[in-house]
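I have placed the structure first, in the form of structure tokens, so that the comments after it can refer back to it.
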Amino acid sequence: MTTRPLTLLLCLALAISAAAQTPQKVLNQAISALKNAGAITLNYAVKGTQGNNSGAISLSGQRYALTSKEMKCWFDGKTLWTFSTATDEVNITTPTAGDLQMANPVAAANDFKANYNMWKAAGQIAGHYAIMLRPKKAGTNIDQVFLYINNSNHLPAKIHVKLNDKSAYTISLTNYKTHQNLPANTFTFDPAKVPAGTPVVDLR
């Protein structure tokens, strides 16, 4: 018995499966994967026209903690503490939705779903599904976004953002570790986490 018919059937099944995928379905899969992953740790790297940055992020629902050479942030779901080496002080704020999207892939994915139109991007890369997004409403400084979702684990791997002023930046998300045991104080500020004597300024 020849294996050619079986091979053709397999190829046809894969083609039908790929065609059935839509940007909306892929983004929903990513949101579900993030929600079902429990507490997460990962690394990030930002490259853009205004400079580069890299560090680590810990996530648990809407809460996150971010650490890089330039800053440290802790968000407990309500309050954001930000330590910057540029100012050598800690600022306490109530973050906007935009602030959260910059550091939390969960918040970013939910914003994309609610506030952007989306299409399958023309430029696909191996092992990923690429989505092109444009804001539904005028007034934002974002022109378009390219979101790359890993086909194997459905987690966001890269976000490329083009702004209206022609600048751009790319965020790469790597080394995901899911279902981590992260205590609640991971996401809250403690003076011991910054140099002794650092001023704390409440901007709320």
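We label chains A, B, ... in the order they appear in the structure tokens, count residues from 1 in each chain, and number ligands from 1 in the order shown.
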
Next item on the list: Identify, on the basis of only C-alpha atoms, every residue whose closest approach to A:Gly55 does not exceed 9 Å; exclude the query and any residue fewer than 2 positions from it along the same chain; express the result as a list in words.
Entry: Leu42, Asn43, Tyr44, Ala45, Asn53, Ile57, Leu66, Thr67, Ser68 and Lys69 of chain A

Now that the selection is made, can you save its residues with C-alpha atoms as an mmCIF file, in the first residue's frame?
```cif
data_model
loop_
_atom_site.group_PDB
_atom_site.id
_atom_site.type_symbol
_atom_site.label_atom_id
_atom_site.label_comp_id
_atom_site.auth_asym_id
_atom_site.auth_seq_id
_atom_site.Cartn_x
_atom_site.Cartn_y
_atom_site.Cartn_z
ATOM 1 C CA LEU A 42 9.722 35.832 31.574
ATOM 2 C CA ASN A 43 12.421 37.990 30.042
ATOM 3 C CA TYR A 44 11.849 40.955 27.777
ATOM 4 C CA ALA A 45 13.977 43.042 25.436
ATOM 5 C CA ASN A 53 16.180 48.062 27.286
ATOM 6 C CA ILE A 57 8.899 40.439 34.380
ATOM 7 C CA LEU A 66 9.523 44.451 36.396
ATOM 8 C CA THR A 67 13.271 44.636 36.894
ATOM 9 C CA SER A 68 15.887 46.150 34.572
ATOM 10 C CA LYS A 69 19.135 48.096 34.909
#
```

Margin query: Could you pull out the helix (DSSP H, G or I) residues of stretch 62-196 of chain A, going by DSSP on the backbone, and write them as a VMD selection string?
Written below: chain A and resid 97 to 103 105 to 115 184 to 187 191 to 193

Give me the stretch 113-199 of chain A side of the contact with stretch 92-109 of chain A, cut-off 9 Å, one line per residue showing its nearest atom pair and distance in Å at one decimal, counting only C-alpha atoms, sorted by chain and residue number, as a tab-separated table.
```
residue	atom	partner	partner_atom	distance
A:Lys113	CA	A:Ala109	CA	6.3
A:Ala114	CA	A:Ala109	CA	8.8
A:Pro156	CA	A:Pro105	CA	7.5
```

Can you build me a table of stretch 21-102 of chain A residues sitting at most 10 Å from stretch 171-189 of chain A, with the closest atom pair per residue and its distance in Å to one decimal, using only C-alpha atoms, sorted by chain and residue number, as a tab-separated table?
```
residue	atom	partner	partner_atom	distance
A:Ala33	CA	A:Thr178	CA	9.9
A:Leu34	CA	A:Thr178	CA	8.9
A:Asn36	CA	A:His179	CA	8.6
A:Ala37	CA	A:Thr178	CA	5.2
A:Gly38	CA	A:His179	CA	4.6
A:Ala39	CA	A:Gln180	CA	5.0
A:Ile40	CA	A:Thr178	CA	4.6
A:Thr41	CA	A:Lys177	CA	5.2
A:Leu42	CA	A:Tyr176	CA	4.5
A:Asn43	CA	A:Thr174	CA	5.2
A:Tyr44	CA	A:Leu173	CA	4.7
A:Ala45	CA	A:Ser172	CA	5.2
A:Val46	CA	A:Ile171	CA	4.5
A:Lys47	CA	A:Ile171	CA	6.7
A:Gly48	CA	A:Ile171	CA	8.7
A:Asn52	CA	A:Ile171	CA	9.7
A:Asn53	CA	A:Ile171	CA	9.3
A:Ser54	CA	A:Ile171	CA	9.1
A:Ala56	CA	A:Leu173	CA	9.4
A:Ile57	CA	A:Leu173	CA	9.5
A:Ser58	CA	A:Thr186	CA	8.0
A:Leu59	CA	A:Phe187	CA	8.6
A:Ser60	CA	A:Leu182	CA	8.0
A:Arg63	CA	A:Phe187	CA	6.4
A:Tyr64	CA	A:Phe187	CA	5.8
A:Ala65	CA	A:Phe187	CA	5.4
A:Leu66	CA	A:Phe187	CA	9.0
A:Lys72	CA	A:Phe189	CA	9.6
A:Cys73	CA	A:Phe189	CA	8.2
A:Trp74	CA	A:Phe187	CA	4.9
A:Phe75	CA	A:Phe187	CA	5.4
A:Asp76	CA	A:Phe187	CA	5.1
A:Gly77	CA	A:Phe187	CA	8.5
A:Thr79	CA	A:Thr188	CA	8.5
A:Leu80	CA	A:Thr188	CA	8.3
A:Trp81	CA	A:Phe189	CA	6.3
A:Thr82	CA	A:Phe189	CA	8.7
A:Phe83	CA	A:Phe189	CA	9.5
A:Val90	CA	A:Phe189	CA	9.2
A:Ile92	CA	A:Phe189	CA	9.6
A:Met102	CA	A:Ile171	CA	9.5
```

Could those selected residues go to a file with C-alpha atoms, as a PDB file, in the first residue's frame?
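Below is the file out07.pdb, written as the result:
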```pdb
ATOM      1  CA  ALA A  33      -2.940  30.696  27.394  1.00  0.00           C
ATOM      2  CA  LEU A  34      -1.869  33.673  29.504  1.00  0.00           C
ATOM      3  CA  ASN A  36      -4.325  29.548  32.257  1.00  0.00           C
ATOM      4  CA  ALA A  37      -0.573  29.825  32.822  1.00  0.00           C
ATOM      5  CA  GLY A  38      -0.932  30.916  36.439  1.00  0.00           C
ATOM      6  CA  ALA A  39       1.898  33.047  37.761  1.00  0.00           C
ATOM      7  CA  ILE A  40       4.512  33.650  35.061  1.00  0.00           C
ATOM      8  CA  THR A  41       8.105  34.794  34.858  1.00  0.00           C
ATOM      9  CA  LEU A  42       9.722  35.832  31.574  1.00  0.00           C
ATOM     10  CA  ASN A  43      12.421  37.990  30.042  1.00  0.00           C
ATOM     11  CA  TYR A  44      11.849  40.955  27.777  1.00  0.00           C
ATOM     12  CA  ALA A  45      13.977  43.042  25.436  1.00  0.00           C
ATOM     13  CA  VAL A  46      12.955  46.346  23.871  1.00  0.00           C
ATOM     14  CA  LYS A  47      14.707  47.711  20.799  1.00  0.00           C
ATOM     15  CA  GLY A  48      13.616  50.998  19.291  1.00  0.00           C
ATOM     16  CA  ASN A  52      17.171  49.626  23.984  1.00  0.00           C
ATOM     17  CA  ASN A  53      16.180  48.062  27.286  1.00  0.00           C
ATOM     18  CA  SER A  54      15.913  44.577  28.723  1.00  0.00           C
ATOM     19  CA  ALA A  56      12.632  40.413  33.639  1.00  0.00           C
ATOM     20  CA  ILE A  57       8.899  40.439  34.380  1.00  0.00           C
ATOM     21  CA  SER A  58       6.864  38.493  36.930  1.00  0.00           C
ATOM     22  CA  LEU A  59       3.101  38.271  36.303  1.00  0.00           C
ATOM     23  CA  SER A  60       0.087  37.070  38.227  1.00  0.00           C
ATOM     24  CA  ARG A  63      -0.248  42.214  38.995  1.00  0.00           C
ATOM     25  CA  TYR A  64       3.328  42.494  37.779  1.00  0.00           C
ATOM     26  CA  ALA A  65       6.870  43.259  38.848  1.00  0.00           C
ATOM     27  CA  LEU A  66       9.523  44.451  36.396  1.00  0.00           C
ATOM     28  CA  LYS A  72      12.174  48.535  39.020  1.00  0.00           C
ATOM     29  CA  CYS A  73       8.370  48.473  39.132  1.00  0.00           C
ATOM     30  CA  TRP A  74       5.822  46.790  41.360  1.00  0.00           C
ATOM     31  CA  PHE A  75       2.083  46.773  40.677  1.00  0.00           C
ATOM     32  CA  ASP A  76      -0.267  45.056  43.146  1.00  0.00           C
ATOM     33  CA  GLY A  77      -3.407  45.488  41.051  1.00  0.00           C
ATOM     34  CA  THR A  79      -0.899  50.907  43.116  1.00  0.00           C
ATOM     35  CA  LEU A  80       2.271  51.223  41.036  1.00  0.00           C
ATOM     36  CA  TRP A  81       5.657  51.857  42.626  1.00  0.00           C
ATOM     37  CA  THR A  82       8.439  52.831  40.196  1.00  0.00           C
ATOM     38  CA  PHE A  83      12.111  53.185  41.087  1.00  0.00           C
ATOM     39  CA  VAL A  90      10.485  55.843  44.064  1.00  0.00           C
ATOM     40  CA  ILE A  92       3.879  56.034  43.749  1.00  0.00           C
ATOM     41  CA  MET A 102       3.543  48.601  28.338  1.00  0.00           C
TER      42      MET A 102
END
```

Next item on the list: Please give the complete set of residues from stretch 72-106 of chain A that DSSP, run on the backbone, assigns to strand (DSSP E or B), formatted as a list in words.
Entry: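 Assigned to strand (DSSP E or B), within stretch 72-106 of chain A: Lys72, Cys73, Trp74, Phe75, Leu80, Trp81, Thr82, Phe83, Ser84, Glu89, Val90, Asn91, Ile92 and Thr93 of chain A.
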
Item checked: Residue contacts of stretch 129-141 of chain A (10 Å, only C-alpha atoms) excluding same-chain residues fewer than 4 positions away, as an MDAnalysis selection string -> chainID A and resid 18 21:24 26:27 111:125 145:151 154 156:165

Next item on the list: Go ahead and compute the interatomic distance for atom CA of A:His128 and atom CA of A:Asn153, in Å to one decimal.
Entry: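 Interatomic distance, atom CA of A:His128 to atom CA of A:Asn153: 10.0 Å.
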
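With only C-alpha atoms as the atoms that count, the residue of A:Gln50, A:Ser32, A:Asn91, A:Ser84 with the shortest distance to A:Asp202 is A:Asn91.
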